[in-house]
>>> print(open('protein.pdb').read())   # PDB, C-alpha atoms, pLDDT in the B column
ATOM      1  CA  LYS A  23     296.054  23.864 295.772  1.00 55.00           C
ATOM      2  CA  GLU A  24     295.219  22.672 292.275  1.00 70.00           C
ATOM      3  CA  GLY A  25     297.608  22.737 289.341  1.00 73.00           C
ATOM      4  CA  ASP A  26     301.151  21.616 288.729  1.00 80.00           C
ATOM      5  CA  PHE A  27     303.004  20.092 291.636  1.00 77.00           C
ATOM      6  CA  SER A  28     305.878  17.780 292.379  1.00 76.00           C
ATOM      7  CA  TRP A  29     307.190  15.896 295.365  1.00 70.00           C
ATOM      8  CA  GLN A  30     310.308  14.047 296.331  1.00 73.00           C
ATOM      9  CA  LEU A  31     310.915  11.135 298.680  1.00 70.00           C
ATOM     10  CA  SER A  32     314.223  10.166 300.214  1.00 76.00           C
ATOM     11  CA  ALA A  33     314.470   6.955 302.202  1.00 76.00           C
ATOM     12  CA  ILE A  34     317.377   5.267 303.880  1.00 81.00           C
ATOM     13  CA  ILE A  35     316.856   1.547 304.340  1.00 80.00           C
ATOM     14  CA  PRO A  36     319.757  -0.331 305.911  1.00 84.00           C
ATOM     15  CA  LYS A  37     321.152  -3.295 304.013  1.00 82.00           C
ATOM     16  CA  SER A  38     320.423  -5.400 307.114  1.00 86.00           C
ATOM     17  CA  ALA A  39     316.674  -4.993 306.385  1.00 87.00           C
ATOM     18  CA  PHE A  40     317.179  -7.419 303.492  1.00 84.00           C
ATOM     19  CA  TRP A  41     318.273 -10.234 305.807  1.00 86.00           C
ATOM     20  CA  GLY A  42     316.555 -12.895 303.691  1.00 88.00           C
ATOM     21  CA  ASP A  43     318.542 -12.008 300.561  1.00 86.00           C
ATOM     22  CA  ASP A  44     322.214 -12.334 299.732  1.00 86.00           C
ATOM     23  CA  ILE A  45     322.650  -8.774 298.421  1.00 85.00           C
ATOM     24  CA  LYS A  46     326.303  -7.786 298.040  1.00 84.00           C
ATOM     25  CA  THR A  47     325.620  -4.394 296.436  1.00 85.00           C
ATOM     26  CA  PHE A  48     322.687  -2.286 295.307  1.00 86.00           C
ATOM     27  CA  ASN A  49     324.624  -1.094 292.232  1.00 89.00           C
ATOM     28  CA  ARG A  50     322.468  -1.721 289.118  1.00 90.00           C
ATOM     29  CA  LEU A  51     319.887  -3.591 291.186  1.00 89.00           C
ATOM     30  CA  GLU A  52     316.240  -3.318 290.105  1.00 92.00           C
ATOM     31  CA  ALA A  53     313.253  -3.949 292.346  1.00 90.00           C
ATOM     32  CA  LYS A  54     309.476  -3.652 292.122  1.00 93.00           C
ATOM     33  CA  ALA A  55     307.819  -1.485 294.772  1.00 91.00           C
ATOM     34  CA  ASN A  56     305.269   1.152 295.549  1.00 91.00           C
ATOM     35  CA  PHE A  57     305.126   3.913 298.130  1.00 88.00           C
ATOM     36  CA  TYR A  58     301.833   5.085 299.498  1.00 86.00           C
ATOM     37  CA  LYS A  59     300.196   7.370 302.033  1.00 85.00           C
ATOM     38  CA  CYS A  60     296.805   6.621 303.539  1.00 85.00           C
ATOM     39  CA  GLY A  61     294.711   9.320 305.136  1.00 86.00           C
ATOM     40  CA  ASP A  62     291.704   7.126 305.780  1.00 84.00           C
ATOM     41  CA  ASN A  63     291.271   8.215 309.427  1.00 88.00           C
ATOM     42  CA  LEU A  64     291.295  11.937 308.661  1.00 89.00           C
ATOM     43  CA  TYR A  65     288.364  14.341 308.314  1.00 90.00           C
ATOM     44  CA  GLN A  66     288.990  14.506 304.557  1.00 89.00           C
ATOM     45  CA  LYS A  67     289.986  10.985 303.509  1.00 84.00           C
ATOM     46  CA  HIS A  68     292.725  10.769 300.903  1.00 84.00           C
ATOM     47  CA  TYR A  69     295.120   8.239 299.389  1.00 82.00           C
ATOM     48  CA  LEU A  70     298.306   8.762 297.409  1.00 84.00           C
ATOM     49  CA  SER A  71     300.687   6.366 295.686  1.00 87.00           C
ATOM     50  CA  TRP A  72     303.939   6.763 293.794  1.00 87.00           C
ATOM     51  CA  SER A  73     302.935   4.261 291.120  1.00 90.00           C
ATOM     52  CA  PRO A  74     299.318   4.515 289.901  1.00 89.00           C
ATOM     53  CA  ILE A  75     296.993   1.744 291.105  1.00 89.00           C
ATOM     54  CA  GLY A  76     294.319   0.587 288.690  1.00 88.00           C
ATOM     55  CA  THR A  77     291.769  -0.783 291.143  1.00 87.00           C
ATOM     56  CA  GLU A  78     288.405   0.704 292.070  1.00 85.00           C
ATOM     57  CA  LYS A  79     289.194   0.774 295.805  1.00 80.00           C
ATOM     58  CA  PRO A  80     292.675   1.532 297.195  1.00 72.00           C
ATOM     59  CA  SER A  81     294.619  -1.727 297.169  1.00 83.00           C
ATOM     60  CA  PHE A  82     298.244  -0.805 297.740  1.00 84.00           C
ATOM     61  CA  HIS A  83     299.615  -4.353 297.827  1.00 85.00           C
ATOM     62  CA  GLU A  84     298.709  -5.209 294.225  1.00 89.00           C
ATOM     63  CA  ARG A  85     302.075  -6.213 292.733  1.00 90.00           C
ATOM     64  CA  ASP A  86     300.744  -5.730 289.190  1.00 92.00           C
ATOM     65  CA  PHE A  87     300.784  -1.981 289.831  1.00 93.00           C
ATOM     66  CA  PHE A  88     304.249  -1.689 291.418  1.00 94.00           C
ATOM     67  CA  GLY A  89     306.788   0.541 289.710  1.00 93.00           C
ATOM     68  CA  ILE A  90     310.438  -0.265 288.994  1.00 93.00           C
ATOM     69  CA  LEU A  91     313.150   1.080 291.291  1.00 89.00           C
ATOM     70  CA  LYS A  92     316.575   1.328 289.652  1.00 87.00           C
ATOM     71  CA  PHE A  93     319.531   1.625 291.980  1.00 84.00           C
ATOM     72  CA  GLU A  94     322.766   3.260 290.864  1.00 79.00           C
TER      73      GLU A  94
END
>>> encode(input="protein.pdb", output="structure tokens")
Amino acid sequence: KEGDFSWQLSAIIPKSAFWGDDIKTFNRLEAKANFYKCGDNLYQKHYLSWSPIGTEKPSFHERDFFGILKFE
């Protein structure tokens, strides 16, 4: 369907996933990240990212195009 749309993503990542960091709290923490979906093996190929990526071909690991996550 074309036109206006919106979507929402909720993710629960345990603090233990950040084992290499000494994070005491996520309060006021900021991080750079991107979220993406690849449909490259589907009949109608498609790609989607939370933060726009300014490369000709999908390159989802380009840190220059990550967005800022602000934790409360």
>>> atom_distance(input="protein.pdb", atom1="atom CA of Tyr58 of chain A", atom2="atom CA of Gly25 of chain A")
20.8 Å
>>> residues_around(input="protein.pdb", residues="Lys37 of chain A", least_positions_apart="4", cutoff="9 Å", atoms="only C-alpha atoms", output="list in words")
Trp41, Ile45, Thr47 and Phe48 of chain A
>>> closest_residue(input="protein.pdb", among="A:Pro80, A:Ser71, A:Asp62, A:Asn49", to="Lys92 of chain A", atoms="all atoms listed in the file")
A:Asn49
>>> atom_distance(input="protein.pdb", atom1="atom CA of Asp86 of chain A", atom2="atom CA of Leu70 of chain A")
16.8 Å
>>> resolve_selection(input="protein.pdb", expression="the PyMOL selection byres ((chain A and resi 52) around 8)", output="short mmCIF file (atom, residue, chain, number, x, y, z; two decimals) with C-alpha atoms, in the coordinates of the input")
data_model
loop_
_atom_site.label_atom_id
_atom_site.label_comp_id
_atom_site.auth_asym_id
_atom_site.auth_seq_id
_atom_site.Cartn_x
_atom_site.Cartn_y
_atom_site.Cartn_z
CA ARG A 50 322.47 -1.72 289.12
CA LEU A 51 319.89 -3.59 291.19
CA ALA A 53 313.25 -3.95 292.35
CA LYS A 54 309.48 -3.65 292.12
CA ILE A 90 310.44 -0.26 288.99
CA LEU A 91 313.15 1.08 291.29
CA LYS A 92 316.58 1.33 289.65
CA PHE A 93 319.53 1.62 291.98
#
>>> atom_distance(input="protein.pdb", atom1="atom CA of Cys60 of chain A", atom2="atom CA of Phe82 of chain A")
9.5 Å
>>> axis_aligned_box(input="protein.pdb", around="segment 62-68 of chain A", padding_each_side="4 Å", output="lines of an AutoDock Vina configuration file")
center_x = 290.5
center_y = 10.8
center_z = 305.2
size_x = 12.4
size_y = 15.4
size_z = 16.5
>>> residues_around(input="protein.pdb", residues="His83 of chain A", least_positions_apart="4", cutoff="12 Å", atoms="only C-alpha atoms", output="MDAnalysis selection string")
chainID A and resid 54:58 71 73:77 79 87:89
>>> write_last_selection(input="protein.pdb", atoms="C-alpha atoms", output="mmCIF file, in the frame of the given file")
data_model
loop_
_atom_site.group_PDB
_atom_site.id
_atom_site.type_symbol
_atom_site.label_atom_id
_atom_site.label_comp_id
_atom_site.auth_asym_id
_atom_site.auth_seq_id
_atom_site.Cartn_x
_atom_site.Cartn_y
_atom_site.Cartn_z
ATOM 1 C CA LYS A 54 309.476 -3.652 292.122
ATOM 2 C CA ALA A 55 307.819 -1.485 294.772
ATOM 3 C CA ASN A 56 305.269 1.152 295.549
ATOM 4 C CA PHE A 57 305.126 3.913 298.130
ATOM 5 C CA TYR A 58 301.833 5.085 299.498
ATOM 6 C CA SER A 71 300.687 6.366 295.686
ATOM 7 C CA SER A 73 302.935 4.261 291.120
ATOM 8 C CA PRO A 74 299.318 4.515 289.901
ATOM 9 C CA ILE A 75 296.993 1.744 291.105
ATOM 10 C CA GLY A 76 294.319 0.587 288.690
ATOM 11 C CA THR A 77 291.769 -0.783 291.143
ATOM 12 C CA LYS A 79 289.194 0.774 295.805
ATOM 13 C CA PHE A 87 300.784 -1.981 289.831
ATOM 14 C CA PHE A 88 304.249 -1.689 291.418
ATOM 15 C CA GLY A 89 306.788 0.541 289.710
#
>>> residues_around(input="protein.pdb", residues="Gln30 of chain A", least_positions_apart="2", cutoff="12 Å", atoms="all atoms listed in the file", output="ChimeraX atom specification")
/A:27-28,32-33,57,72
